[in-house]
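Data from target_17.pdb: PDB, C-alpha atoms and all ligand atoms
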```pdb
ATOM      1  CA  MET A   1      74.622 180.857 123.605
ATOM      2  CA  ALA A   2      72.426 180.676 126.669
ATOM      3  CA  LEU A   3      74.915 178.792 128.816
ATOM      4  CA  ASN A   4      77.499 181.528 128.378
ATOM      5  CA  VAL A   5      74.937 184.187 129.212
ATOM      6  CA  ILE A   6      74.008 182.359 132.414
ATOM      7  CA  LYS A   7      77.638 181.805 133.406
ATOM      8  CA  LYS A   8      78.548 185.397 132.744
ATOM      9  CA  ALA A   9      75.546 186.746 134.654
ATOM     10  CA  ILE A  10      76.458 184.615 137.664
ATOM     11  CA  GLU A  11      80.134 185.561 137.478
ATOM     12  CA  GLU A  12      79.269 189.223 137.313
ATOM     13  CA  GLY A  13      76.690 188.966 140.072
ATOM     14  CA  LYS A  14      73.848 189.986 137.805
ATOM     15  CA  MET A  15      71.687 186.957 138.397
ATOM     16  CA  ARG A  16      69.406 187.992 141.249
ATOM     17  CA  CYS A  17      67.735 185.804 143.801
ATOM     18  CA  PRO A  18      64.091 186.910 144.250
ATOM     19  CA  GLU A  19      64.114 185.780 147.891
ATOM     20  CA  CYS A  20      67.146 187.452 149.447
ATOM     21  CA  LYS A  21      67.938 189.853 146.584
ATOM     22  CA  GLY A  22      71.505 188.638 146.668
ATOM     23  CA  SER A  23      73.366 187.384 143.664
ATOM     24  CA  VAL A  24      72.806 183.796 142.621
ATOM     25  CA  LYS A  25      76.003 181.821 143.119
ATOM     26  CA  GLN A  26      75.414 178.583 141.293
ATOM     27  CA  PHE A  27      73.460 176.794 138.656
ATOM     28  CA  ASP A  28      72.872 173.180 137.865
ATOM     29  CA  LYS A  29      71.353 170.865 135.269
ATOM     30  CA  TYR A  30      71.583 173.076 132.254
ATOM     31  CA  VAL A  31      69.577 171.748 129.333
ATOM     32  CA  GLU A  32      69.360 173.229 125.892
ATOM     33  CA  THR A  33      65.800 173.103 124.646
ATOM     34  CA  CYS A  34      65.253 173.204 120.924
ATOM     35  CA  ASP A  35      63.230 171.619 118.151
ATOM     36  CA  SER A  36      65.441 168.587 117.801
ATOM     37  CA  VAL A  37      64.601 167.531 121.349
ATOM     38  CA  TRP A  38      60.972 167.163 120.425
ATOM     39  CA  ASP A  39      60.016 163.590 119.789
ATOM     40  CA  GLY A  40      57.814 164.103 116.779
ATOM     41  CA  ALA A  41      55.032 165.385 118.978
ATOM     42  CA  GLY A  42      53.738 168.907 118.757
ATOM     43  CA  ASP A  43      54.237 171.487 116.105
ATOM     44  CA  SER A  44      57.635 171.139 114.456
ATOM     45  CA  GLY A  45      57.187 174.569 112.903
ATOM     46  CA  LEU A  46      57.775 176.186 116.247
ATOM     47  CA  GLU A  47      61.139 177.850 116.580
ATOM     48  CA  THR A  48      61.453 177.511 120.292
ATOM     49  CA  LYS A  49      65.062 177.725 121.211
ATOM     50  CA  GLY A  50      65.935 178.159 124.798
ATOM     51  CA  ALA A  51      67.454 176.612 127.807
ATOM     52  CA  LYS A  52      66.343 175.271 131.097
ATOM     53  CA  VAL A  53      68.505 175.613 134.130
ATOM     54  CA  THR A  54      68.294 175.120 137.859
ATOM     55  CA  LEU A  55      69.381 178.304 139.574
ATOM     56  CA  ILE A  56      70.738 177.946 143.095
ATOM     57  CA  CYS A  57      71.020 181.036 145.247
ATOM     58  CA  GLY A  58      73.867 179.756 147.424
ATOM     59  CA  ASN A  59      73.821 182.707 149.808
ATOM     60  CA  ASP A  60      73.834 182.158 153.577
ATOM     61  CA  LYS A  61      70.499 181.031 154.977
ATOM     62  CA  CYS A  62      68.783 181.258 151.616
ATOM     63  CA  GLU A  63      67.339 178.041 150.246
ATOM     64  CA  TRP A  64      66.050 179.462 147.008
ATOM     65  CA  ARG A  65      66.481 177.385 143.922
ATOM     66  CA  GLU A  66      64.415 177.209 140.832
ATOM     67  CA  ARG A  67      64.246 175.143 137.695
ATOM     68  CA  THR A  68      63.231 177.542 134.994
ATOM     69  CA  GLU A  69      63.191 178.390 131.342
ATOM     70  CA  TYR A  70      62.754 182.033 132.222
ATOM     71  CA  TRP A  71      66.133 182.532 133.854
ATOM     72  CA  SER A  72      66.680 185.710 131.829
ATOM     73  CA  GLU A  73      64.074 187.392 134.047
ATOM     74  CA  TYR A  74      66.463 187.095 136.978
ATOM     75  CA  ILE A  75      69.300 188.860 135.192
ATOM     76  CA  GLU A  76      69.765 192.495 136.038
ATOM     77  CA  ASP A  77      71.160 194.948 133.566
TER      78      ASP A  77
HETATM   79 ZN    ZN B 101      68.682 183.966 147.906
END
```

Would you mind writing the file out in structure tokens?
Ligand SMILES: [Zn+2]
Amino acid sequence: MALNVIKKAIEEGKMRCPECKGSVKQFDKYVETCDSVWDGAGDSGLETKGAKVTLICGNDKCEWRERTEYWSEYIED
């Protein structure tokens, strides 16, 4: 589940801030995005499962935060 992946990445310091290159410390407003959220509009055949989250850097002097569906791009392996 995406929420667990995000939590784990933050706990382990693998979520990277693109601004200061430090580890992201917090996240906010996690929303699961899936077909059932769609209100009859669009193509119901689409299997788009994902999650949107606001990532908050939280490091000193860094104001970076981003609301994104592509949070996995900030996770380092
Ligand atoms: Zn930062």

Evaluate the PyMOL selection byres (((chain A and resi 72) around 10) and not hetatm) and report residues as a count of residues only: 14

Hits of the PyMOL selection byres (((not hetatm)) within 7 of (chain B and resi 101)) in this structure, as number ranges by chain: A: 17-22, 24, 57-59, 62-64

Writer output for current selection, C-alpha atoms, as an mmCIF file, in the frame of the given file:
```cif
data_model
loop_
_atom_site.group_PDB
_atom_site.id
_atom_site.type_symbol
_atom_site.label_atom_id
_atom_site.label_comp_id
_atom_site.auth_asym_id
_atom_site.auth_seq_id
_atom_site.Cartn_x
_atom_site.Cartn_y
_atom_site.Cartn_z
ATOM 1 C CA CYS A 17 67.735 185.804 143.801
ATOM 2 C CA PRO A 18 64.091 186.910 144.250
ATOM 3 C CA GLU A 19 64.114 185.780 147.891
ATOM 4 C CA CYS A 20 67.146 187.452 149.447
ATOM 5 C CA LYS A 21 67.938 189.853 146.584
ATOM 6 C CA GLY A 22 71.505 188.638 146.668
ATOM 7 C CA VAL A 24 72.806 183.796 142.621
ATOM 8 C CA CYS A 57 71.020 181.036 145.247
ATOM 9 C CA GLY A 58 73.867 179.756 147.424
ATOM 10 C CA ASN A 59 73.821 182.707 149.808
ATOM 11 C CA CYS A 62 68.783 181.258 151.616
ATOM 12 C CA GLU A 63 67.339 178.041 150.246
ATOM 13 C CA TRP A 64 66.050 179.462 147.008
#
```

Point-to-point distance in Å for atom CA of Glu32 of chain A and atom CA of Asp77 of chain A: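 Interatomic distance, atom CA of Asp77 of chain A to atom CA of Glu32 of chain A: 23.1 Å.
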
Target residues per the PyMOL selection byres (((chain A and resi 53) around 6) and not hetatm), formatted as a list in words: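 So the PyMOL selection byres (((chain A and resi 53) around 6) and not hetatm) ends up selecting Lys29, Tyr30, Lys52, Thr54, Arg67 and Thr68 of chain A.
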
Atomic separation - atom CA of Ile10 of chain A relative to atom CA of Lys25 of chain A, Å: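 Rounded to one decimal, the two atoms are 6.1 Å apart.
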